[in-house]
Structure formats: structure tokens, C-alpha cells
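Each remark here refers to the structure printed beneath this line.
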Amino acid sequence: MTKALSPSLPIAYSKEVAAAKQRGAPIVALESTIITHGMPYPGNIDMANSVEAIIRAQGAVPATIAVLRGTLHVGLEAEELEQLAQTTDALKVSRADIAFAIAERRTGATTVAATMIAAALAGIRVFATGGIGGVHRGAEESFDISADLEELARTPVIVVCAGAKAILDIPKTLEVLETRGVPVVTYGSKDFPAFWSRVSGLDSPLMLNSPAAIANFQAVREQMGIDGGMLIANPVPEEAEIPRDEMEVFIARALENAEKDDISGKAVTPYLLADIFKLTQGRSLKTNIALVENNTRLAAEIAVSLVD
């Protein structure tokens with residue numbers, strides 16, 4: 001593991017990422033909450049190894065991001081990835097508490113927002129995830145809005161996802177992104193996707209059909225001095241999707257269960273995902289893995305195009 005300094009914060013780079021930075025190779029950031037909070041062991045380590053292999057196959061370098069015992073890691077060695085996959089008490093860290101995990105020498109898995117922060121510190125321009133957080137259903141009463149949206153407005157990283165998580169209020173999520181000036185681009189479709197489903201019933205604000213076009217769009221934004229990130233929505237492969245009408249039935253039941261069990265705050269999303277896994281008899285997890293792999297492939301292609 002090679003240690004380097006951002007303006008003031010020590011960052012531990014994996015050997016592979018350190019070498020990639022030195023030669024100017026394309027790098028793709030990956031979050032770690034999907035490993036610690038998204039699925040159980042050993043499925044989580046199998047998924048983590050799979051997405052890293054996909055990125056390498058496209059000519060880029062994977063950089064899984066996490067806080068390990070108080071040190072921010074950008075890229076994990078194989079043994080560190082294995083240890084993280086078996087960790088049961090990792091904090092789920094976002095903008096509000098990533099510094100807390102570092103200051104208190106804790107282990108923390110990074111959400112979309114925290115991964116964007118770390119990627120920007122490390123000079124990584126592209127990040128692949130499953131789905132972003134957003135405005136939760138019932139937010140007019142709970143005020144539950146993910147920090148991911150604010151991070152997209154301020155941090156210059158391209159985030160490739162399968163749309164907003166379908167458990168959210170997607171129309172309100174898109175409205176907040178528009179208000180914050182975040183470009184929302186759907187890859188190869190006029191329909192904005194809804195995580196497990198290829199369509200949400202909403203038109204995409206923008207559409208582009210190639211990684212090179214996305215890289216060019218970002219280059220023009222940078223030339224114009226436009227701050228903030230860009231959201232690339234990549235529909236789940238058709239053979240892996242669960243249609244929206246079918247998913248809405250499962251989501252409604254999971255939301256009812258969460259209310260009955262008095263689930264709130266950061267616990268909501270993991271609870272809903274786990275409950276939907278049970279309700280779909282495991283189908284949702286298979287779709288989740290397929291869309292993450294699909295997103296990492298596109299993110300790697302974008303990263304290569306940015307370097308080219």
C-alpha cells in the first residue's frame with residue numbers, strides 16, 4: 001500500500017491505483033456500502049471481485065474506496081477487500097460522518113456522497129455505483145433527502161448508476177437535481193430508468209449514445225468552468241430487469257413493513273432492500289448485481305474516453 005498526501009489528508013492508495021495515477025491511466029472509483037450493507041458474505045466479495053475484473057477488462061483500473069481503521073483508502077488490496085467483505089460493524093459514512101470515521105479511527109463504508117468526495121480528493125473523475133439516493137417517499141413529512149443529491153451538485157465526478165433507487169420518489173429526485181443544476185443523462189434511452197426496471201415512467205432530461213459523447217460533454221463543462229458532477233443513468237440489461245409495475249407492488253409492501261417496524265434515517269434503505277430481497281425471493285439481488293456490473297463496464301469506457 002502506497003501512502004500519499006492530498007492537500008492535507010493522508011490517503012492510502014493500493015499499489016495498482018498508485019501505479020495508474022503515476023502513468024495517467026483511467027481509474028474508476030467504486031463505493032463500499034454495497035459490499036458491507038448491500039449483500040451478505042460471500043456474495044459480496046464475489047460481486048466486488050467481479051466488478052473490479054470488468055473494469056480491468058475495459059482497460060481501466062478499479063479503485064474501491066473505504067475508511068479502514070481511520071485511514072482513507074482509495075483502492076484496496078485483495079486481502080483488504082476480503083476483510084471488508086467480512087466486516088459486520090462498518091459505519092455507513094456520507095459527507096456528514098466520513099471525517100468522523102477518520103478522526104475516530106473507525107472502519108467505514110462509503111456511500112455515493114462519501115465516495116464522490118474521496119474520488120475528487122484522489123483526482124478520479126468517474127465513479128460507478130448501483131443507484132443513487134434521493135428524495136424519499138413521504139419526504140414532505142420526514143424531510144428525508146439523501147446527501148447524494150447535494151454532492152452531485154458540488155463535486156466534479158461523473159456518477160454512473162442505474163437511475164435513482166426505485167424505493168425513492170423519483171419525480172421529486174429529478175426536480176431536486178434540476179434545481180441544483182446537475183446534468184442527468186440517460187445512456188442510450190429517452191426513458192429515465194428506475195434501478196431494477198429499465199423505465200420509471202419519466203422522460204430523461206438528456207440522452208447520449210456513446211462513452212465518447214459523455215466524455216466530450218464533460219470536457220465542455222470543464223472548459224466553461226461549470227462546477228459539480230454529472231449523473232449518467234444506465235438502464236439495467238433487459239434480460240435482468242424486473243418490470244416497474246411488478247416492482248411497485250413489492251416496494252409498497254416493503255414501505256408498509258418499514259413503517260410498521262418504525263424504521264427511519266440511514267436504516268431505511270438497507271431495510272427496504274433486505275425486505276424487497278425476501279419479497280422477490282432473491283430476484284432483486286440478481287438484478288442488482290447485473291446492473292452494477294453493467295454500470296462498471298460503462299464507467300470504465302467513459303474513463304478511457306476521458307483519457308483518450
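Labels for the C-alpha cells follow display order: chains A, B, ..., residues from 1 in each chain, ligands from 1.
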Which of range 144-227 of chain A counts as strand (DSSP E) under DSSP, as a PyMOL selection string please?
-> chain A and resi 158-161+184-187+191-194+197-203+206-208
Please identify all polymer residues within 8 Å of Asn295 in chain A, counting only C-alpha atoms, omitting same-chain residues fewer than 4 positions from it, and present them as a PyMOL selection string.
-> chain A and resi 128-130+160-162+234+291+299
Please, which residues in range 9-122 of chain A fall within 9 Å of range 257-274 of chain A when counting only C-alpha atoms, and what is the closest atom pair and distance in Å to one decimal for each, ordered by chain then residue number, as CSV?
residue,atom,partner,partner_atom,distance
A:His37,CA,A:Pro270,CA,6.6
A:Gly38,CA,A:Pro270,CA,7.0
A:Met39,CA,A:Ala274,CA,8.4
A:Lys92,CA,A:Lys266,CA,8.1
List every residue of range 71-141 of chain A that has an atom at most 7 Å from any atom of range 41-51 of chain A, giving for each one its closest atom pair and the distance in Å to one decimal, counting only C-alpha atoms, sorted by chain and then by ascending residue number, as JSON lines.
{"residue": "A:Glu82", "atom": "CA", "partner": "A:Ile45", "partner_atom": "CA", "distance": 6.5}
{"residue": "A:Ala85", "atom": "CA", "partner": "A:Ile45", "partner_atom": "CA", "distance": 5.7}
{"residue": "A:Gln86", "atom": "CA", "partner": "A:Tyr41", "partner_atom": "CA", "distance": 6.3}
For the selection you just gave me, I'd like the residues written to a file as an mmCIF file, in the first residue's frame, keeping N, CA, C and O atoms.
data_model
loop_
_atom_site.group_PDB
_atom_site.id
_atom_site.type_symbol
_atom_site.label_atom_id
_atom_site.label_comp_id
_atom_site.auth_asym_id
_atom_site.auth_seq_id
_atom_site.Cartn_x
_atom_site.Cartn_y
_atom_site.Cartn_z
ATOM 1 N N GLU A 82 -11.186 -8.511 1.060
ATOM 2 C CA GLU A 82 -11.739 -9.697 1.726
ATOM 3 C C GLU A 82 -12.126 -9.379 3.167
ATOM 4 O O GLU A 82 -13.214 -9.759 3.636
ATOM 5 N N ALA A 85 -15.273 -7.264 3.298
ATOM 6 C CA ALA A 85 -16.462 -8.041 2.964
ATOM 7 C C ALA A 85 -16.971 -8.838 4.158
ATOM 8 O O ALA A 85 -18.166 -9.141 4.249
ATOM 9 N N GLN A 86 -16.081 -9.160 5.099
ATOM 10 C CA GLN A 86 -16.478 -9.927 6.279
ATOM 11 C C GLN A 86 -16.723 -9.046 7.505
ATOM 12 O O GLN A 86 -17.096 -9.553 8.571
#
What lies within 9 Å of range 107-123 of chain A using only C-alpha atoms, ignoring chain neighbours under 6 positions off, as a PDB file with N, CA and C atoms, in the first residue's frame?
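This went into result-v8.pdb:
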ATOM      1  N   SER A   6      -3.116  14.168  -0.066  1.00  0.00           N
ATOM      2  CA  SER A   6      -3.947  15.157  -0.735  1.00  0.00           C
ATOM      3  C   SER A   6      -3.481  16.480  -0.149  1.00  0.00           C
ATOM      4  N   PRO A   7      -4.194  17.618  -0.327  1.00  0.00           N
ATOM      5  CA  PRO A   7      -3.691  18.854   0.257  1.00  0.00           C
ATOM      6  C   PRO A   7      -3.276  18.725   1.718  1.00  0.00           C
ATOM      7  N   LEU A   9      -4.751  15.633   3.797  1.00  0.00           N
ATOM      8  CA  LEU A   9      -5.249  14.371   4.336  1.00  0.00           C
ATOM      9  C   LEU A   9      -4.451  13.189   3.797  1.00  0.00           C
ATOM     10  N   ILE A  11      -3.880   9.733   2.297  1.00  0.00           N
ATOM     11  CA  ILE A  11      -4.682   8.768   1.565  1.00  0.00           C
ATOM     12  C   ILE A  11      -3.803   7.561   1.270  1.00  0.00           C
ATOM     13  N   TYR A  13      -3.230   4.624  -1.119  1.00  0.00           N
ATOM     14  CA  TYR A  13      -3.571   4.099  -2.436  1.00  0.00           C
ATOM     15  C   TYR A  13      -3.107   2.654  -2.544  1.00  0.00           C
ATOM     16  N   LYS A  21      -2.183   6.134 -11.308  1.00  0.00           N
ATOM     17  CA  LYS A  21      -2.097   7.590 -11.179  1.00  0.00           C
ATOM     18  C   LYS A  21      -0.772   8.096 -11.743  1.00  0.00           C
ATOM     19  N   VAL A  28     -11.521   4.076 -12.219  1.00  0.00           N
ATOM     20  CA  VAL A  28     -12.940   4.142 -11.873  1.00  0.00           C
ATOM     21  C   VAL A  28     -13.095   3.904 -10.382  1.00  0.00           C
ATOM     22  N   ALA A  29     -13.725   4.838  -9.694  1.00  0.00           N
ATOM     23  CA  ALA A  29     -13.992   4.693  -8.262  1.00  0.00           C
ATOM     24  C   ALA A  29     -15.195   3.786  -8.043  1.00  0.00           C
ATOM     25  N   LEU A  30     -15.165   3.038  -6.933  1.00  0.00           N
ATOM     26  CA  LEU A  30     -16.262   2.166  -6.537  1.00  0.00           C
ATOM     27  C   LEU A  30     -16.585   2.406  -5.069  1.00  0.00           C
ATOM     28  N   GLU A  31     -17.851   2.402  -4.739  1.00  0.00           N
ATOM     29  CA  GLU A  31     -18.249   2.581  -3.339  1.00  0.00           C
ATOM     30  C   GLU A  31     -18.071   1.281  -2.573  1.00  0.00           C
ATOM     31  N   SER A  32     -18.205   1.353  -1.247  1.00  0.00           N
ATOM     32  CA  SER A  32     -18.047   0.139  -0.436  1.00  0.00           C
ATOM     33  C   SER A  32     -19.281  -0.220   0.380  1.00  0.00           C
ATOM     34  N   THR A  33     -20.309   0.646   0.452  1.00  0.00           N
ATOM     35  CA  THR A  33     -21.504   0.242   1.205  1.00  0.00           C
ATOM     36  C   THR A  33     -22.215  -0.931   0.537  1.00  0.00           C
ATOM     37  N   ILE A  34     -22.088  -1.047  -0.779  1.00  0.00           N
ATOM     38  CA  ILE A  34     -22.713  -2.181  -1.449  1.00  0.00           C
ATOM     39  C   ILE A  34     -22.077  -3.495  -0.985  1.00  0.00           C
ATOM     40  N   ILE A  35     -20.826  -3.416  -0.516  1.00  0.00           N
ATOM     41  CA  ILE A  35     -20.137  -4.597  -0.009  1.00  0.00           C
ATOM     42  C   ILE A  35     -20.572  -4.898   1.427  1.00  0.00           C
ATOM     43  N   THR A  36     -20.582  -3.864   2.270  1.00  0.00           N
ATOM     44  CA  THR A  36     -20.849  -4.083   3.697  1.00  0.00           C
ATOM     45  C   THR A  36     -22.329  -4.078   4.060  1.00  0.00           C
ATOM     46  N   HIS A  37     -23.130  -3.328   3.288  1.00  0.00           N
ATOM     47  CA  HIS A  37     -24.545  -3.177   3.638  1.00  0.00           C
ATOM     48  C   HIS A  37     -25.495  -3.671   2.545  1.00  0.00           C
ATOM     49  N   ALA A  63     -10.868   1.344  -8.270  1.00  0.00           N
ATOM     50  CA  ALA A  63     -10.442   1.927  -7.001  1.00  0.00           C
ATOM     51  C   ALA A  63     -11.608   1.866  -6.022  1.00  0.00           C
ATOM     52  N   THR A  64     -11.719   0.737  -5.318  1.00  0.00           N
ATOM     53  CA  THR A  64     -12.746   0.619  -4.279  1.00  0.00           C
ATOM     54  C   THR A  64     -12.338   1.491  -3.105  1.00  0.00           C
ATOM     55  N   ILE A  65     -13.276   2.304  -2.620  1.00  0.00           N
ATOM     56  CA  ILE A  65     -12.974   3.313  -1.603  1.00  0.00           C
ATOM     57  C   ILE A  65     -13.622   2.943  -0.272  1.00  0.00           C
ATOM     58  N   ALA A  66     -12.860   3.078   0.806  1.00  0.00           N
ATOM     59  CA  ALA A  66     -13.370   2.802   2.144  1.00  0.00           C
ATOM     60  C   ALA A  66     -12.450   3.461   3.167  1.00  0.00           C
ATOM     61  N   VAL A  67     -12.954   3.603   4.387  1.00  0.00           N
ATOM     62  CA  VAL A  67     -12.125   4.030   5.513  1.00  0.00           C
ATOM     63  C   VAL A  67     -11.834   2.790   6.347  1.00  0.00           C
ATOM     64  N   LEU A  68     -10.551   2.463   6.483  1.00  0.00           N
ATOM     65  CA  LEU A  68     -10.150   1.292   7.256  1.00  0.00           C
ATOM     66  C   LEU A  68      -9.357   1.738   8.470  1.00  0.00           C
ATOM     67  N   ARG A  69      -9.923   1.548   9.634  1.00  0.00           N
ATOM     68  CA  ARG A  69      -9.279   1.899  10.900  1.00  0.00           C
ATOM     69  C   ARG A  69      -8.728   3.321  10.885  1.00  0.00           C
ATOM     70  N   GLY A  70      -9.534   4.231  10.328  1.00  0.00           N
ATOM     71  CA  GLY A  70      -9.191   5.644  10.362  1.00  0.00           C
ATOM     72  C   GLY A  70      -8.395   6.156   9.182  1.00  0.00           C
ATOM     73  N   THR A  71      -8.045   5.303   8.245  1.00  0.00           N
ATOM     74  CA  THR A  71      -7.293   5.732   7.060  1.00  0.00           C
ATOM     75  C   THR A  71      -8.183   5.645   5.830  1.00  0.00           C
ATOM     76  N   LEU A  72      -8.222   6.711   5.060  1.00  0.00           N
ATOM     77  CA  LEU A  72      -8.978   6.708   3.815  1.00  0.00           C
ATOM     78  C   LEU A  72      -8.208   5.927   2.767  1.00  0.00           C
ATOM     79  N   HIS A  73      -8.819   4.872   2.255  1.00  0.00           N
ATOM     80  CA  HIS A  73      -8.195   4.024   1.243  1.00  0.00           C
ATOM     81  C   HIS A  73      -8.858   4.261  -0.106  1.00  0.00           C
ATOM     82  N   VAL A  74      -8.046   4.508  -1.110  1.00  0.00           N
ATOM     83  CA  VAL A  74      -8.510   4.625  -2.489  1.00  0.00           C
ATOM     84  C   VAL A  74      -7.883   3.466  -3.254  1.00  0.00           C
ATOM     85  N   LEU A  84     -12.881  -6.433   4.442  1.00  0.00           N
ATOM     86  CA  LEU A  84     -14.028  -5.534   4.456  1.00  0.00           C
ATOM     87  C   LEU A  84     -15.317  -6.308   4.203  1.00  0.00           C
ATOM     88  N   THR A  87     -16.550  -7.730   7.356  1.00  0.00           N
ATOM     89  CA  THR A  87     -16.780  -6.811   8.470  1.00  0.00           C
ATOM     90  C   THR A  87     -18.274  -6.645   8.712  1.00  0.00           C
ATOM     91  N   ASP A  89     -19.484  -4.564  11.384  1.00  0.00           N
ATOM     92  CA  ASP A  89     -19.788  -3.353  12.162  1.00  0.00           C
ATOM     93  C   ASP A  89     -19.269  -2.075  11.497  1.00  0.00           C
ATOM     94  N   ALA A  90     -19.080  -2.091  10.173  1.00  0.00           N
ATOM     95  CA  ALA A  90     -18.589  -0.893   9.481  1.00  0.00           C
ATOM     96  C   ALA A  90     -19.642   0.210   9.536  1.00  0.00           C
ATOM     97  N   LEU A  91     -19.189   1.431   9.787  1.00  0.00           N
ATOM     98  CA  LEU A  91     -20.085   2.575   9.700  1.00  0.00           C
ATOM     99  C   LEU A  91     -20.484   2.799   8.244  1.00  0.00           C
ATOM    100  N   LYS A  92     -21.682   3.290   8.031  1.00  0.00           N
ATOM    101  CA  LYS A  92     -22.120   3.696   6.693  1.00  0.00           C
ATOM    102  C   LYS A  92     -21.912   5.202   6.629  1.00  0.00           C
ATOM    103  N   VAL A  93     -20.858   5.647   5.922  1.00  0.00           N
ATOM    104  CA  VAL A  93     -20.441   7.038   6.013  1.00  0.00           C
ATOM    105  C   VAL A  93     -20.814   7.842   4.775  1.00  0.00           C
ATOM    106  N   SER A  94     -21.286   9.062   5.011  1.00  0.00           N
ATOM    107  CA  SER A  94     -21.610  10.012   3.967  1.00  0.00           C
ATOM    108  C   SER A  94     -20.818  11.291   4.236  1.00  0.00           C
ATOM    109  N   ARG A  95     -21.194  12.404   3.627  1.00  0.00           N
ATOM    110  CA  ARG A  95     -20.480  13.659   3.842  1.00  0.00           C
ATOM    111  C   ARG A  95     -20.418  14.033   5.318  1.00  0.00           C
ATOM    112  N   ALA A  96     -21.499  13.804   6.050  1.00  0.00           N
ATOM    113  CA  ALA A  96     -21.574  14.259   7.437  1.00  0.00           C
ATOM    114  C   ALA A  96     -20.625  13.516   8.357  1.00  0.00           C
ATOM    115  N   ASP A  97     -20.273  12.268   8.030  1.00  0.00           N
ATOM    116  CA  ASP A  97     -19.535  11.476   9.009  1.00  0.00           C
ATOM    117  C   ASP A  97     -18.299  10.746   8.482  1.00  0.00           C
ATOM    118  N   ILE A  98     -17.901  11.001   7.235  1.00  0.00           N
ATOM    119  CA  ILE A  98     -16.673  10.364   6.771  1.00  0.00           C
ATOM    120  C   ILE A  98     -15.469  10.878   7.554  1.00  0.00           C
ATOM    121  N   ALA A 101     -15.326   9.125  10.951  1.00  0.00           N
ATOM    122  CA  ALA A 101     -14.733   7.790  10.898  1.00  0.00           C
ATOM    123  C   ALA A 101     -13.210   7.873  10.867  1.00  0.00           C
ATOM    124  N   THR A 129     -21.687   3.073  -9.523  1.00  0.00           N
ATOM    125  CA  THR A 129     -22.453   2.596  -8.378  1.00  0.00           C
ATOM    126  C   THR A 129     -23.678   1.856  -8.889  1.00  0.00           C
ATOM    127  N   GLY A 131     -27.384   2.452  -7.633  1.00  0.00           N
ATOM    128  CA  GLY A 131     -28.360   3.528  -7.807  1.00  0.00           C
ATOM    129  C   GLY A 131     -28.075   4.620  -6.801  1.00  0.00           C
ATOM    130  N   ILE A 132     -28.370   5.851  -7.154  1.00  0.00           N
ATOM    131  CA  ILE A 132     -28.137   6.958  -6.227  1.00  0.00           C
ATOM    132  C   ILE A 132     -29.275   7.044  -5.218  1.00  0.00           C
ATOM    133  N   GLY A 133     -28.988   7.709  -4.078  1.00  0.00           N
ATOM    134  CA  GLY A 133     -30.041   8.082  -3.147  1.00  0.00           C
ATOM    135  C   GLY A 133     -30.744   9.321  -3.666  1.00  0.00           C
ATOM    136  N   SER A 146     -31.516  12.357   0.509  1.00  0.00           N
ATOM    137  CA  SER A 146     -30.146  11.866   0.542  1.00  0.00           C
ATOM    138  C   SER A 146     -29.137  12.985   0.276  1.00  0.00           C
ATOM    139  N   ALA A 147     -27.994  12.882   0.968  1.00  0.00           N
ATOM    140  CA  ALA A 147     -26.880  13.806   0.719  1.00  0.00           C
ATOM    141  C   ALA A 147     -26.268  13.606  -0.656  1.00  0.00           C
ATOM    142  N   ASP A 148     -26.606  12.490  -1.323  1.00  0.00           N
ATOM    143  CA  ASP A 148     -26.070  12.238  -2.666  1.00  0.00           C
ATOM    144  C   ASP A 148     -26.408  13.375  -3.623  1.00  0.00           C
ATOM    145  N   LEU A 149     -27.616  13.936  -3.493  1.00  0.00           N
ATOM    146  CA  LEU A 149     -28.055  14.968  -4.436  1.00  0.00           C
ATOM    147  C   LEU A 149     -27.227  16.241  -4.286  1.00  0.00           C
ATOM    148  N   GLU A 150     -26.983  16.643  -3.055  1.00  0.00           N
ATOM    149  CA  GLU A 150     -26.160  17.841  -2.829  1.00  0.00           C
ATOM    150  C   GLU A 150     -24.731  17.611  -3.291  1.00  0.00           C
ATOM    151  N   GLU A 151     -24.236  16.378  -3.090  1.00  0.00           N
ATOM    152  CA  GLU A 151     -22.867  16.076  -3.505  1.00  0.00           C
ATOM    153  C   GLU A 151     -22.729  16.152  -5.022  1.00  0.00           C
ATOM    154  N   LEU A 152     -23.739  15.664  -5.730  1.00  0.00           N
ATOM    155  CA  LEU A 152     -23.719  15.743  -7.190  1.00  0.00           C
ATOM    156  C   LEU A 152     -23.665  17.191  -7.659  1.00  0.00           C
ATOM    157  N   THR A 155     -19.573  18.344  -6.359  1.00  0.00           N
ATOM    158  CA  THR A 155     -18.324  17.603  -6.514  1.00  0.00           C
ATOM    159  C   THR A 155     -18.157  17.118  -7.952  1.00  0.00           C
ATOM    160  N   PRO A 156     -17.034  17.447  -8.612  1.00  0.00           N
ATOM    161  CA  PRO A 156     -16.864  17.198 -10.047  1.00  0.00           C
ATOM    162  C   PRO A 156     -16.497  15.760 -10.388  1.00  0.00           C
ATOM    163  N   VAL A 157     -17.460  14.858 -10.217  1.00  0.00           N
ATOM    164  CA  VAL A 157     -17.260  13.446 -10.546  1.00  0.00           C
ATOM    165  C   VAL A 157     -18.442  12.975 -11.383  1.00  0.00           C
ATOM    166  N   ILE A 158     -18.160  12.212 -12.430  1.00  0.00           N
ATOM    167  CA  ILE A 158     -19.224  11.589 -13.230  1.00  0.00           C
ATOM    168  C   ILE A 158     -19.673  10.329 -12.505  1.00  0.00           C
ATOM    169  N   VAL A 159     -20.958  10.247 -12.190  1.00  0.00           N
ATOM    170  CA  VAL A 159     -21.506   9.104 -11.458  1.00  0.00           C
ATOM    171  C   VAL A 159     -22.371   8.272 -12.405  1.00  0.00           C
ATOM    172  N   GLY A 229     -20.997  17.641 -10.384  1.00  0.00           N
ATOM    173  CA  GLY A 229     -20.898  16.365 -11.051  1.00  0.00           C
ATOM    174  C   GLY A 229     -21.901  16.192 -12.174  1.00  0.00           C
TER     175      GLY A 229
END
Pick out the closest residue to His136 in chain A from this set: A:Lys172, A:Arg23, A:Arg106, A:Arg154. Count only C-alpha atoms.
-> A:Lys172
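Shortest atom-to-atom contact with Leu177 in chain A among A:Met230, A:Ala300, A:Val220, A:Leu279: A:Met230, counting only C-alpha atoms.
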As a PyMOL selection string, list the residues of range 38-124 of chain A assigned to helix (DSSP H, G or I) by DSSP on the backbone atoms of this structure.
-> chain A and resi 43-57+78-85+98-103+112-122
Shortest interatomic distance to Ser189 in chain A - which of A:Ala12, A:Met207, A:Ala99, A:Ile232, counting only C-alpha atoms |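 Nearest to Ser189 in chain A: A:Met207.
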Considering only C-alpha atoms, state which residue in the set A:Val199, A:Ala57, A:Val184, A:Ile251 is at the smallest distance from Glu238 in chain A.
-> A:Val199
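Among the candidate residues A:Ala290, A:Ile276, A:Val126, A:Leu202, the one lying nearest to Thr173 in chain A is A:Leu202, with distances computed using only C-alpha atoms.
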Identify, on the basis of only C-alpha atoms, every residue whose closest approach to Ser210 in chain A does not exceed 12 Å; exclude the query and any residue fewer than 5 positions from it along the same chain; express the result as a PyMOL selection string.
-> chain A and resi 185-189+215-217+232+234+298-299+301-302+305
What lies within 9 Å of Gly181 in chain A using only C-alpha atoms, ignoring chain neighbours under 5 positions off, as a ChimeraX atom specification?
-> /A:153,176,228
Output all heavy atoms for every residue in the selection just made, as a compact mmCIF listing (two decimals), in the first residue's frame.
# COMPACT_ATOMS: atom_id res chain seq x y z
N ALA A 153 -24.25 18.09 -6.90
CA ALA A 153 -24.26 19.50 -7.28
C ALA A 153 -22.92 20.18 -7.05
O ALA A 153 -22.62 21.19 -7.69
CB ALA A 153 -25.35 20.23 -6.51
N VAL A 176 -35.11 17.95 -7.79
CA VAL A 176 -34.01 18.48 -6.97
C VAL A 176 -32.72 18.55 -7.80
O VAL A 176 -31.98 19.53 -7.74
CB VAL A 176 -33.80 17.63 -5.71
CG1 VAL A 176 -32.52 18.05 -4.97
CG2 VAL A 176 -35.00 17.76 -4.77
N GLY A 228 -19.45 20.96 -10.23
CA GLY A 228 -20.37 19.89 -9.89
C GLY A 228 -20.22 18.66 -10.75
O GLY A 228 -19.44 18.62 -11.70
